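K.L.:
Once you've had a glance at the structure underneath, I'll fire off some questions.
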Amino acid sequence: GSSNALFWALTSRKSGAFPENEKDPAGGIIDSNRSESQKGCLEYEHHQRPVQLQYLPANVEYSESDNSMKALSDSNPICVNEDPEARRIRVFDRVAPSVVHIDTFIQQRDAFSTNVMEVPLGTGSGFVWDDKGHIVTNYHVVRNGKSAQVAILTRVVEDNESSSASAGGGSVKSRSKKTSGKDSSVTNYTRSVYKARVVGSDPDKDIAVLKVDAPVFDLFPIEVGTSKNLKVGQSALAIGNPFGLDHTLTAGILSGMGREVRSPSGRPISNVIQADAAINPGNSGGPLLDSSGKLIGMNTAIYSPSGGSAGIGFAIPVDTLSYIVDTLIRDGRIIRPVIGISYLESKQAKALGITKGVLVLDVPASSPAARAGMRGTKRTESGFIEIGDIIVKVEDHRIDTEADLFEALEDFKPGDRIKITVNRVDVAAPNTRELKLKEVVLVTELKGSSDAASAKTIRVE
């Protein structure tokens, strides 16, 4: 290999030894186009930045003191610069069994009888989170369904011993955990379908966790990476079931970071990843992977005037996903801090001349916000609208829209007492349509989202 290889830092993960027939006695670089040549290599990364996967045989010694490597024997060469096409194939072969196909159903009464039938509602994607049968997907994939089925890929291998003893000489196929890409006898896949139940969901982040009662040898948990330090331009792979076409692989790059999309509950989801890997209806809930096949996000939405892929897809970052999924598995729900009021959407508030801040519509009488003196919007006896408080600041966070309000509240927990600054109508100036506002600081206690009044919005047509 090249002397530049001496500057690569060896990581600790090892996948095995090279097959005997892949050794190169001459010490040359192993052909990376051959899938078997990629087995048994060690991954390593550059000190400064991630790089394409490189491979090192198991009998190569690495010295941390001077970042040097030397072969313990000349029989196994250092193989570098894996072909991108071979890497994509290897990643798909390894990750595909972790990706599932989700079908949802609704109950519908037969028009000619009293029988109730299950009718297909839609399809989506998901992935296996752990060996206990937890499946992660988007909330919007399952929110309208009465029941769901999850189809899991199971690798099928030739059992040579069983086939030799089978009647008529036919082969007998068995499922095995050992078929995760290390067995050349893998020939195809079979689909196992299981009924799923919802463990918990978080509409505010568009995340749901399902549970299937599948045997552990049918479950291949996805390898979870991190969304920290992701860079625009990195390779991205998406696997899902667009238009019902199961286990479709698309490739692209990370096109942007820190985007914002709206969740099914209307709340914004911040710090979203943007990628140009083709995502279409049916990809929702599927994994977004880095070039090594690690999970970096969950595909959740696309921007498209036509409804098809326009090269702008969005994924929830895995660091956000991991926290919520673990909480849902443990507690079955997510409790967020809320003020306990209803508000008017910013776009609709502009019709009333409010360009900054969040207009309060209703404050429940028994709520902490009401006890703090917060005022809602109401209609007077003469038919005029009396504008309520306009939230412009939460502690030190400036509030221009409801998205700013939700983001500010993420820093707190239920039970915290916070300062909320509002603009309040003081006195209407004579002979003018403008309102005079004064700034008021209120101290209120945050409630938990599970016991707070639902924050509904009103649209002005």
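Labels for the structure tokens follow display order: chains A, B, ..., residues from 1 in each chain, ligands from 1.
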Excluding A:Leu249 and any residue of its chain fewer than 3 positions from it, enumerate the residues within 8 Å of it, using only C-alpha atoms, and give them as a ChimeraX atom specification.

P.N.:
/A:92,237-240

K.L.:
Take the residues from that selection and write them out as an mmCIF file, in the first residue's frame, keeping all heavy atoms.

P.N.:
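After the write, part_4.cif holds the following:
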```cif
data_model
loop_
_atom_site.group_PDB
_atom_site.id
_atom_site.type_symbol
_atom_site.label_atom_id
_atom_site.label_comp_id
_atom_site.auth_asym_id
_atom_site.auth_seq_id
_atom_site.Cartn_x
_atom_site.Cartn_y
_atom_site.Cartn_z
ATOM 1 N N PHE A 92 -25.676 -1.753 1.297
ATOM 2 C CA PHE A 92 -27.051 -2.202 1.095
ATOM 3 C C PHE A 92 -27.229 -3.637 1.569
ATOM 4 O O PHE A 92 -28.222 -3.954 2.241
ATOM 5 C CB PHE A 92 -27.444 -2.091 -0.379
ATOM 6 C CG PHE A 92 -28.834 -2.570 -0.650
ATOM 7 C CD1 PHE A 92 -29.928 -1.760 -0.373
ATOM 8 C CD2 PHE A 92 -29.068 -3.833 -1.171
ATOM 9 C CE1 PHE A 92 -31.223 -2.199 -0.606
ATOM 10 C CE2 PHE A 92 -30.351 -4.286 -1.409
ATOM 11 C CZ PHE A 92 -31.424 -3.462 -1.129
ATOM 12 N N LEU A 237 -27.154 7.893 1.816
ATOM 13 C CA LEU A 237 -27.892 6.795 1.205
ATOM 14 C C LEU A 237 -29.245 6.673 1.881
ATOM 15 O O LEU A 237 -29.347 6.818 3.103
ATOM 16 C CB LEU A 237 -27.127 5.480 1.356
ATOM 17 C CG LEU A 237 -25.703 5.428 0.788
ATOM 18 C CD1 LEU A 237 -25.027 4.123 1.182
ATOM 19 C CD2 LEU A 237 -25.720 5.576 -0.720
ATOM 20 N N ALA A 238 -30.272 6.432 1.099
ATOM 21 C CA ALA A 238 -31.624 6.251 1.645
ATOM 22 C C ALA A 238 -32.156 4.899 1.182
ATOM 23 O O ALA A 238 -32.046 4.540 0.008
ATOM 24 C CB ALA A 238 -32.552 7.368 1.186
ATOM 25 N N ILE A 239 -32.733 4.148 2.126
ATOM 26 C CA ILE A 239 -33.369 2.879 1.798
ATOM 27 C C ILE A 239 -34.804 2.948 2.292
ATOM 28 O O ILE A 239 -35.069 3.353 3.418
ATOM 29 C CB ILE A 239 -32.653 1.689 2.455
ATOM 30 C CG1 ILE A 239 -31.182 1.654 2.044
ATOM 31 C CG2 ILE A 239 -33.331 0.371 2.071
ATOM 32 C CD1 ILE A 239 -30.400 0.529 2.695
ATOM 33 N N GLY A 240 -35.740 2.583 1.420
ATOM 34 C CA GLY A 240 -37.152 2.638 1.806
ATOM 35 C C GLY A 240 -38.021 1.925 0.804
ATOM 36 O O GLY A 240 -37.538 1.130 -0.019
#
```

K.L.:
Check stretch 189-293 of chain A with DSSP on the backbone and list each residue it calls strand (DSSP E), as a ChimeraX atom specification.

P.N.:
/A:189-202,207-212,235-240,248-262,268-275,287-289

K.L.:
Applying 6 Å and only C-alpha atoms, which residues near A:Ala236 remain after dropping the ones on its own chain fewer than 6 positions away? List them as a PyMOL selection string.

P.N.:
chain A and resi 251-253+289-290

K.L.:
If we count only C-alpha atoms, what is near A:Thr250 at a cut-off of 12 Å, once residues fewer than 5 positions away on the same chain are taken out, given as number ranges by chain?

P.N.:
A: 88-89, 91-92, 235-242, 275-280, 283, 286-289, 309, 311, 313

K.L.:
Enter the distance from atom CA of A:Asp400 to atom CA of A:Thr355, in Å, rounded to one decimal.

P.N.:
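Interatomic distance, atom CA of A:Asp400 to atom CA of A:Thr355: 7.8 Å.
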
K.L.:
When you count only C-alpha atoms, which of these residues is closest to A:Gly285: A:Phe217, A:Phe384, A:Phe314, A:Tyr323?

P.N.:
A:Phe314

K.L.:
My list of candidates is A:Ser98, A:Gln108, A:Gln149, A:Thr320. Which is closest to A:Val128 when distances are computed with only C-alpha atoms?

P.N.:
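The shortest atom-to-atom distance to A:Val128 comes from A:Ser98.
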
K.L.:
Report as a PDB file with C-alpha atoms, in the first residue's frame all protein, DNA and RNA residues lying within 10 Å of stretch 205-210 of chain A, evaluated on only C-alpha atoms, omitting residues in the same chain fewer than 6 positions from it.

P.N.:
```pdb
ATOM      1  CA  GLY A 126     -39.218   1.844   9.120  1.00  0.00           C
ATOM      2  CA  PHE A 127     -36.194   0.152  10.621  1.00  0.00           C
ATOM      3  CA  VAL A 128     -35.383  -2.325  13.369  1.00  0.00           C
ATOM      4  CA  TRP A 129     -34.137  -0.498  16.462  1.00  0.00           C
ATOM      5  CA  GLY A 133     -38.697  -6.114  18.190  1.00  0.00           C
ATOM      6  CA  HIS A 134     -38.973  -2.311  18.376  1.00  0.00           C
ATOM      7  CA  ILE A 135     -39.540  -0.693  14.986  1.00  0.00           C
ATOM      8  CA  VAL A 136     -39.026   3.043  14.417  1.00  0.00           C
ATOM      9  CA  THR A 137     -41.014   4.984  11.817  1.00  0.00           C
ATOM     10  CA  ASN A 138     -42.769   8.315  11.257  1.00  0.00           C
ATOM     11  CA  TYR A 139     -45.872   9.117  13.264  1.00  0.00           C
ATOM     12  CA  HIS A 140     -47.713  10.207  10.121  1.00  0.00           C
ATOM     13  CA  VAL A 141     -47.213   6.730   8.639  1.00  0.00           C
ATOM     14  CA  VAL A 142     -49.392   5.093  11.313  1.00  0.00           C
ATOM     15  CA  ARG A 143     -51.530   7.892  12.766  1.00  0.00           C
ATOM     16  CA  ALA A 148     -50.406  -2.236  11.030  1.00  0.00           C
ATOM     17  CA  GLN A 149     -48.310  -5.031   9.607  1.00  0.00           C
ATOM     18  CA  VAL A 150     -44.523  -5.049   9.389  1.00  0.00           C
ATOM     19  CA  LYS A 195     -48.660  -7.765  13.351  1.00  0.00           C
ATOM     20  CA  ALA A 196     -47.436  -4.582  15.025  1.00  0.00           C
ATOM     21  CA  ARG A 197     -48.693  -2.536  17.937  1.00  0.00           C
ATOM     22  CA  VAL A 198     -47.834   1.053  18.829  1.00  0.00           C
ATOM     23  CA  VAL A 199     -45.575   1.407  21.865  1.00  0.00           C
ATOM     24  CA  VAL A 261     -40.164  21.363   8.732  1.00  0.00           C
ATOM     25  CA  ARG A 262     -43.635  21.247  10.253  1.00  0.00           C
ATOM     26  CA  SER A 263     -44.724  18.196  12.213  1.00  0.00           C
ATOM     27  CA  PRO A 264     -48.211  16.610  12.023  1.00  0.00           C
ATOM     28  CA  SER A 265     -49.138  18.500  15.207  1.00  0.00           C
ATOM     29  CA  GLY A 266     -48.194  21.812  13.619  1.00  0.00           C
ATOM     30  CA  ARG A 267     -45.066  22.281  15.690  1.00  0.00           C
ATOM     31  CA  PRO A 268     -41.795  22.924  13.876  1.00  0.00           C
ATOM     32  CA  ILE A 269     -39.079  20.271  13.807  1.00  0.00           C
ATOM     33  CA  SER A 270     -35.738  22.064  13.896  1.00  0.00           C
ATOM     34  CA  GLY A 285     -39.804   6.421   8.185  1.00  0.00           C
ATOM     35  CA  MET A 298     -34.949   9.240   9.497  1.00  0.00           C
ATOM     36  CA  THR A 300     -39.679  12.294   7.011  1.00  0.00           C
ATOM     37  CA  ILE A 316     -34.891  13.955  11.438  1.00  0.00           C
ATOM     38  CA  THR A 320     -32.854  13.791  18.269  1.00  0.00           C
ATOM     39  CA  LEU A 321     -34.345  10.467  17.216  1.00  0.00           C
ATOM     40  CA  ILE A 324     -37.148  10.310  21.794  1.00  0.00           C
ATOM     41  CA  VAL A 325     -37.159   6.622  20.816  1.00  0.00           C
ATOM     42  CA  ASP A 326     -35.471   5.571  24.059  1.00  0.00           C
ATOM     43  CA  LEU A 328     -40.954   6.201  24.175  1.00  0.00           C
ATOM     44  CA  ILE A 329     -39.709   2.663  24.756  1.00  0.00           C
ATOM     45  CA  GLY A 332     -44.550   5.200  26.269  1.00  0.00           C
ATOM     46  CA  ARG A 333     -44.928   8.974  25.875  1.00  0.00           C
TER      47      ARG A 333
END
```

K.L.:
For atom CA of A:Ile152 and atom CA of A:Arg109, determine how far apart the two atoms are, in Å to one decimal place.

P.N.:
29.6 Å

K.L.:
Tell me which of A:Gly233, A:Gly282, A:Pro203, A:Pro215 sits closest to A:His101, counting only C-alpha atoms.

P.N.:
A:Gly282

K.L.:
What separation in Å, quoted to one decimal, exists between atom CA of A:Gln107 and atom CA of A:Asp331?

P.N.:
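These two atoms are separated by 28.6 Å.
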
K.L.:
Which one is closest to A:Lys447: A:Ala351, A:Ile399, A:Val422, A:Ala369? Count only C-alpha atoms.

P.N.:
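Nearest candidate to A:Lys447 out of A:Ala351, A:Ile399, A:Val422, A:Ala369: A:Ala369.
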